[in-house]
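Trainee: mmCIF, C-alpha atoms, file start08.cif:
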data_protein
loop_
_atom_site.group_PDB
_atom_site.id
_atom_site.type_symbol
_atom_site.label_atom_id
_atom_site.label_comp_id
_atom_site.auth_asym_id
_atom_site.auth_seq_id
_atom_site.Cartn_x
_atom_site.Cartn_y
_atom_site.Cartn_z
ATOM 1 C CA MET A 270 3.482 1.138 -11.114
ATOM 2 C CA SER A 271 1.429 -1.556 -12.641
ATOM 3 C CA LEU A 272 -0.371 -4.232 -10.728
ATOM 4 C CA ALA A 273 1.557 -6.845 -12.703
ATOM 5 C CA HIS A 274 4.851 -5.673 -11.209
ATOM 6 C CA ALA A 275 3.448 -5.719 -7.697
ATOM 7 C CA LEU A 276 2.204 -9.271 -8.287
ATOM 8 C CA LEU A 277 5.536 -10.390 -9.766
ATOM 9 C CA THR A 278 7.273 -9.072 -6.655
ATOM 10 C CA SER A 279 4.873 -10.901 -4.371
ATOM 11 C CA LEU A 280 5.116 -14.150 -6.350
ATOM 12 C CA LEU A 281 8.915 -14.003 -6.271
ATOM 13 C CA GLU A 282 8.672 -13.794 -2.499
ATOM 14 C CA LYS A 283 6.485 -16.903 -2.498
ATOM 15 C CA SER A 284 4.664 -18.893 -5.192
ATOM 16 C CA SER A 285 0.978 -18.807 -4.352
ATOM 17 C CA SER A 286 -2.532 -19.559 -5.454
ATOM 18 C CA GLY A 287 -4.536 -16.548 -6.605
ATOM 19 C CA TYR A 288 -6.531 -16.581 -3.373
ATOM 20 C CA ASP A 289 -3.455 -16.802 -1.132
ATOM 21 C CA LEU A 290 -1.709 -14.157 -3.214
ATOM 22 C CA ALA A 291 -4.681 -11.788 -2.857
ATOM 23 C CA ARG A 292 -4.740 -12.322 0.928
ATOM 24 C CA ARG A 293 -0.969 -11.776 1.249
ATOM 25 C CA PHE A 294 -1.216 -8.762 -1.035
ATOM 26 C CA ASP A 295 -3.837 -7.187 1.256
ATOM 27 C CA LYS A 296 -1.477 -7.549 4.226
ATOM 28 C CA SER A 297 1.690 -6.192 2.609
ATOM 29 C CA ILE A 298 1.850 -4.480 -0.774
ATOM 30 C CA GLY A 299 -1.815 -3.568 -0.351
ATOM 31 C CA PHE A 300 -0.835 -0.949 2.226
ATOM 32 C CA PHE A 301 0.517 1.202 -0.586
ATOM 33 C CA TRP A 302 -0.943 -0.292 -3.772
ATOM 34 C CA ARG A 303 -4.618 -1.247 -3.745
ATOM 35 C CA ALA A 304 -6.185 -3.931 -5.913
ATOM 36 C CA THR A 305 -9.383 -5.925 -5.656
ATOM 37 C CA HIS A 306 -9.258 -9.696 -5.775
ATOM 38 C CA GLN A 307 -10.972 -9.553 -9.195
ATOM 39 C CA GLN A 308 -8.258 -7.244 -10.520
ATOM 40 C CA ILE A 309 -5.599 -9.603 -9.210
ATOM 41 C CA TYR A 310 -7.145 -12.640 -10.918
ATOM 42 C CA ARG A 311 -7.545 -10.746 -14.226
ATOM 43 C CA GLU A 312 -3.926 -9.586 -14.050
ATOM 44 C CA LEU A 313 -2.675 -13.105 -13.285
ATOM 45 C CA ALA A 314 -4.395 -14.327 -16.469
ATOM 46 C CA ARG A 315 -2.750 -11.527 -18.501
ATOM 47 C CA MET A 316 0.643 -12.232 -16.974
ATOM 48 C CA GLU A 317 0.334 -15.929 -17.779
ATOM 49 C CA GLN A 318 -0.604 -15.065 -21.370
ATOM 50 C CA ALA A 319 2.448 -12.783 -21.586
ATOM 51 C CA GLY A 320 4.671 -15.675 -20.448
ATOM 52 C CA TRP A 321 5.734 -13.967 -17.216
ATOM 53 C CA ILE A 322 4.206 -16.549 -14.883
ATOM 54 C CA SER A 323 3.068 -20.137 -15.072
ATOM 55 C CA SER A 324 0.396 -21.996 -13.191
ATOM 56 C CA GLU A 325 -0.245 -25.566 -12.243
ATOM 57 C CA ALA A 326 -2.999 -27.278 -10.336
ATOM 58 C CA ALA A 327 -2.383 -26.701 -6.649
ATOM 59 C CA PRO A 328 -1.564 -29.898 -4.719
ATOM 60 C CA ASP A 329 -4.290 -29.039 -2.194
ATOM 61 C CA GLY A 330 -6.755 -27.943 -4.894
ATOM 62 C CA GLY A 331 -8.948 -31.026 -4.707
ATOM 63 C CA ARG A 332 -11.934 -30.633 -6.981
ATOM 64 C CA THR A 333 -11.500 -26.879 -7.237
ATOM 65 C CA ARG A 334 -9.692 -25.148 -10.063
ATOM 66 C CA LYS A 335 -7.140 -23.730 -7.630
ATOM 67 C CA LYS A 336 -3.849 -22.928 -9.358
ATOM 68 C CA LEU A 337 -0.399 -22.326 -7.949
ATOM 69 C CA TYR A 338 1.372 -19.437 -9.723
ATOM 70 C CA SER A 339 5.120 -18.971 -10.019
ATOM 71 C CA VAL A 340 7.343 -16.522 -11.869
ATOM 72 C CA LYS A 341 9.088 -17.597 -15.077
ATOM 73 C CA PRO A 342 12.452 -16.182 -16.191
ATOM 74 C CA ALA A 343 10.643 -13.752 -18.532
ATOM 75 C CA GLY A 344 8.708 -12.398 -15.547
ATOM 76 C CA ARG A 345 11.886 -11.898 -13.556
ATOM 77 C CA ARG A 346 13.435 -10.054 -16.526
ATOM 78 C CA GLU A 347 10.325 -7.865 -16.844
ATOM 79 C CA LEU A 348 10.403 -6.987 -13.149
ATOM 80 C CA LYS A 349 14.089 -6.042 -13.367
ATOM 81 C CA ARG A 350 13.430 -3.922 -16.493
ATOM 82 C CA TRP A 351 10.526 -2.121 -14.842
ATOM 83 C CA ALA A 352 12.392 -1.574 -11.538
ATOM 84 C CA ARG A 353 15.197 0.285 -13.349
ATOM 85 C CA GLU A 354 12.802 2.803 -14.975
ATOM 86 C CA PRO A 355 12.441 6.219 -13.354
ATOM 87 C CA ALA A 356 9.373 6.268 -11.128
ATOM 88 C CA PRO A 357 7.006 9.205 -11.466
ATOM 89 C CA MET A 358 6.504 11.385 -8.395
ATOM 90 C CA VAL A 359 3.100 10.948 -6.831
ATOM 91 C CA GLU A 360 1.220 14.216 -6.981
ATOM 92 C CA LEU A 361 -0.966 15.193 -4.073
ATOM 93 C CA ARG A 362 -4.587 15.398 -5.122
ATOM 94 C CA ASP A 363 -6.710 15.817 -2.040
ATOM 95 C CA GLU A 364 -10.174 17.326 -2.049
ATOM 96 C CA LEU A 365 -9.743 18.421 1.553
ATOM 97 C CA MET A 366 -7.006 20.851 0.495
ATOM 98 C CA VAL A 367 -9.419 22.524 -1.941
ATOM 99 C CA ARG A 368 -12.055 22.674 0.803
ATOM 100 C CA LEU A 369 -9.517 24.372 3.082
ATOM 101 C CA ARG A 370 -8.782 26.926 0.347
ATOM 102 C CA ALA A 371 -12.522 27.531 0.111
ATOM 103 C CA ASP A 372 -12.629 27.947 3.898
ATOM 104 C CA ALA A 373 -9.852 30.543 3.644
ATOM 105 C CA VAL A 374 -11.786 32.511 1.010
ATOM 106 C CA VAL A 375 -15.409 32.073 2.113
ATOM 107 C CA GLY A 376 -14.968 31.877 5.859
ATOM 108 C CA PRO A 377 -15.435 29.066 8.379
ATOM 109 C CA LEU A 378 -17.071 26.075 6.724
ATOM 110 C CA GLY A 379 -17.007 23.711 9.692
ATOM 111 C CA LEU A 380 -14.272 21.433 8.385
ATOM 112 C CA GLU A 381 -13.130 20.486 11.872
ATOM 113 C CA ALA A 382 -15.282 17.336 12.019
ATOM 114 C CA GLU A 383 -13.853 16.065 8.717
ATOM 115 C CA ILE A 384 -10.295 16.781 9.820
ATOM 116 C CA GLU A 385 -10.927 15.013 13.135
ATOM 117 C CA ARG A 386 -12.383 12.014 11.266
ATOM 118 C CA ARG A 387 -9.359 11.827 8.981
ATOM 119 C CA ALA A 388 -6.960 12.289 11.888
ATOM 120 C CA ALA A 389 -8.562 9.322 13.641
ATOM 121 C CA LEU A 390 -8.087 7.176 10.516
ATOM 122 C CA HIS A 391 -4.429 8.191 10.235
ATOM 123 C CA ILE A 392 -3.845 7.519 13.936
ATOM 124 C CA GLU A 393 -5.487 4.098 13.587
ATOM 125 C CA LYS A 394 -3.309 3.165 10.625
ATOM 126 C CA LEU A 395 -0.227 4.540 12.418
ATOM 127 C CA ALA A 396 -0.985 2.260 15.372
ATOM 128 C CA ALA A 397 -1.353 -0.715 13.022
ATOM 129 C CA TYR A 398 1.989 0.069 11.346
ATOM 130 C CA ARG A 399 3.721 0.452 14.700
ATOM 131 C CA ALA A 400 2.276 -2.887 15.844
ATOM 132 C CA ILE A 401 3.657 -4.535 12.689
ATOM 133 C CA GLU A 402 7.012 -2.879 13.345
ATOM 134 C CA ALA A 403 7.127 -4.131 16.937
ATOM 135 C CA ARG A 404 6.125 -7.644 15.850
ATOM 136 C CA ASP A 405 8.304 -8.023 12.741
ATOM 137 C CA PHE A 406 11.267 -5.750 13.434
ATOM 138 C CA PRO A 407 12.096 -5.881 17.149
ATOM 139 C CA GLU A 408 14.638 -3.325 18.255
ATOM 140 C CA GLY A 409 18.171 -4.662 18.452
ATOM 141 C CA SER A 410 17.523 -7.684 16.228
ATOM 142 C CA GLU A 411 19.830 -8.601 13.375
ATOM 143 C CA LEU A 412 17.925 -8.225 10.119
ATOM 144 C CA SER A 413 18.681 -9.581 6.659
ATOM 145 C CA ARG A 414 18.957 -7.191 3.721
ATOM 146 C CA GLU A 415 15.424 -8.163 2.656
ATOM 147 C CA ALA A 416 14.024 -7.512 6.140
ATOM 148 C CA ARG A 417 15.879 -4.189 6.426
ATOM 149 C CA ILE A 418 14.351 -3.026 3.130
ATOM 150 C CA GLN A 419 10.891 -4.200 4.203
ATOM 151 C CA HIS A 420 11.363 -2.256 7.445
ATOM 152 C CA LEU A 421 12.373 0.799 5.450
ATOM 153 C CA ILE A 422 9.126 0.557 3.463
ATOM 154 C CA LEU A 423 7.137 0.238 6.686
ATOM 155 C CA LYS A 424 8.931 3.289 8.110
ATOM 156 C CA THR A 425 7.694 5.285 5.099
ATOM 157 C CA GLY A 426 4.135 4.379 6.053
ATOM 158 C CA ILE A 427 4.801 5.276 9.694
ATOM 159 C CA MET A 428 6.228 8.679 8.754
ATOM 160 C CA TYR A 429 3.350 9.335 6.343
ATOM 161 C CA GLU A 430 0.655 8.567 8.917
ATOM 162 C CA ALA A 431 2.507 10.431 11.691
ATOM 163 C CA SER A 432 2.862 13.520 9.501
ATOM 164 C CA TRP A 433 -0.849 13.523 8.645
ATOM 165 C CA ALA A 434 -1.728 13.150 12.338
ATOM 166 C CA ALA A 435 0.549 16.107 13.196
ATOM 167 C CA TRP A 436 -0.818 18.166 10.289
ATOM 168 C CA SER A 437 -4.368 17.442 11.447
ATOM 169 C CA ARG A 438 -3.594 18.729 14.946
ATOM 170 C CA GLU A 439 -2.093 21.903 13.476
ATOM 171 C CA ALA A 440 -5.004 22.393 11.044
ATOM 172 C CA LEU A 441 -7.553 22.008 13.833
ATOM 173 C CA ALA A 442 -5.663 24.513 15.984
ATOM 174 C CA VAL A 443 -5.591 27.064 13.134
ATOM 175 C CA LEU A 444 -9.259 26.599 12.282
ATOM 176 C CA ARG A 445 -10.338 26.908 15.909
ATOM 177 C CA GLU A 446 -8.048 29.881 16.573
ATOM 178 C CA THR A 447 -9.228 31.780 13.486
ATOM 179 C CA ALA A 448 -12.942 30.843 13.583
ATOM 180 C CA GLY A 449 -13.932 34.307 14.757
ATOM 181 C CA ASP A 450 -11.798 36.271 12.242
#
For this file, write the structure as structure tokens.

Mentor:
Amino acid sequence: MSLAHALLTSLLEKSSSGYDLARRFDKSIGFFWRATHQQIYRELARMEQAGWISSEAAPDGGRTRKKLYSVKPAGRRELKRWAREPAPMVELRDELMVRLRADAVVGPLGLEAEIERRAALHIEKLAAYRAIEARDFPEGSELSREARIQHLILKTGIMYEASWAAWSREALAVLRETAGD
């Protein structure tokens, strides 16, 4: 996925200034696609050059150079073209897994503290996702197609964090149980 396509999606949801877009991005798409504010501004300039988006001085811009960005028909066509392409599978590349292999070969390396640290981070993010779910998708409420899809995306994050928390508990149990082997 390119950052441009993530930004096109976000701008189609709501035309925004670069600053507002970056803040919204951090609170939504940013959960599964990271970008710095600098990267976002650079990409907006490229997208405008490509004719995918346009900008105009924001009504509340005052003396600043604040721009309001919106998607042009060419940007909508590009997003549709990209969305139809096969998406590559994300390959797991996690240094901790290599460290665990080393632990299996060399003997106890004291990885429990790192696994506990990571578990805490996953549990924290899981709690944040569940809070968003309770706030935005109350049980029993009628949801639009857009909201149902957004909920589905959030559920992916919930399952991901829950599985890492469960894996961490299992890994700690195995490491502690086999420490004396």

Trainee: Taking (-1.3, -3.8, -7.2) in the coordinates of the supplied file, I want to know which residues reach to within 8 Å of it, counting only C-alpha atoms; could you give the answer as number ranges by chain?

Mentor: A: 270-276, 294, 298-299, 302-304, 309

Trainee: Figure out the distance between CA of Thr305 (chain A) and CA of Gln318 (chain A), please, to one decimal in Å.

Mentor: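 A separation of 20.2 Å between them.
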
Trainee: Using the chain letters and numbers from the file, give me the residues hit by the PyMOL selection byres ((chain A and resi 347) around 12), as a VMD selection string.

Mentor: chain A and resid 271 273 to 278 316 319 to 322 340 to 346 348 to 354

Trainee: Residues near region 412-427 of chain A, anyone? I mean within 7 Å using all atoms listed in the file, not counting same-chain ones fewer than 4 positions away, as a ChimeraX atom specification.

Mentor: /A:395,398,406,431

Trainee: Suppose you want the space between CA of Ala448 (chain A) and CA of Arg386 (chain A); what is it in Å?

Mentor: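 Between these atoms lies a distance of 19.0 Å.
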
Trainee: Expand the PyMOL selection byres ((chain A and resi 337) around 8) into the explicit residue set it covers here, and present it as a list in words.

Mentor: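 Evaluating the PyMOL selection byres ((chain A and resi 337) around 8) on these coordinates yields Ser284, Ser285, Ser286, Gly287, Ser324, Glu325, Ala326, Ala327, Lys335, Lys336, Tyr338 and Ser339 of chain A.
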
Trainee: The PyMOL selection byres ((chain A and resi 374-382) around 12) - which residues does that actually catch in the file I just gave you? List them as a ChimeraX atom specification.

Mentor: /A:364-373,383-389,437-450

Trainee: Write out, as a compact mmCIF listing (two decimals), keeping the file's coordinate frame, the residues just selected, with C-alpha atoms.

Mentor:
# COMPACT_ATOMS: atom_id res chain seq x y z
CA GLU A 364 -10.17 17.33 -2.05
CA LEU A 365 -9.74 18.42 1.55
CA MET A 366 -7.01 20.85 0.50
CA VAL A 367 -9.42 22.52 -1.94
CA ARG A 368 -12.06 22.67 0.80
CA LEU A 369 -9.52 24.37 3.08
CA ARG A 370 -8.78 26.93 0.35
CA ALA A 371 -12.52 27.53 0.11
CA ASP A 372 -12.63 27.95 3.90
CA ALA A 373 -9.85 30.54 3.64
CA GLU A 383 -13.85 16.07 8.72
CA ILE A 384 -10.30 16.78 9.82
CA GLU A 385 -10.93 15.01 13.14
CA ARG A 386 -12.38 12.01 11.27
CA ARG A 387 -9.36 11.83 8.98
CA ALA A 388 -6.96 12.29 11.89
CA ALA A 389 -8.56 9.32 13.64
CA SER A 437 -4.37 17.44 11.45
CA ARG A 438 -3.59 18.73 14.95
CA GLU A 439 -2.09 21.90 13.48
CA ALA A 440 -5.00 22.39 11.04
CA LEU A 441 -7.55 22.01 13.83
CA ALA A 442 -5.66 24.51 15.98
CA VAL A 443 -5.59 27.06 13.13
CA LEU A 444 -9.26 26.60 12.28
CA ARG A 445 -10.34 26.91 15.91
CA GLU A 446 -8.05 29.88 16.57
CA THR A 447 -9.23 31.78 13.49
CA ALA A 448 -12.94 30.84 13.58
CA GLY A 449 -13.93 34.31 14.76
CA ASP A 450 -11.80 36.27 12.24

Trainee: Mind pulling up the distance from CA of Arg292 (chain A) to CA of Asp405 (chain A)?

Mentor: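 If I compute the distance from CA of Asp405 (chain A) to CA of Arg292 (chain A), I get 18.1 Å.
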
Trainee: Counting only C-alpha atoms, figure out which residue out of A:Ala314, A:Leu280, A:Met358, A:Ile401 gets nearest to Phe300 (chain A).

Mentor: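 The answer is A:Ile401, which sits nearest to Phe300 (chain A).
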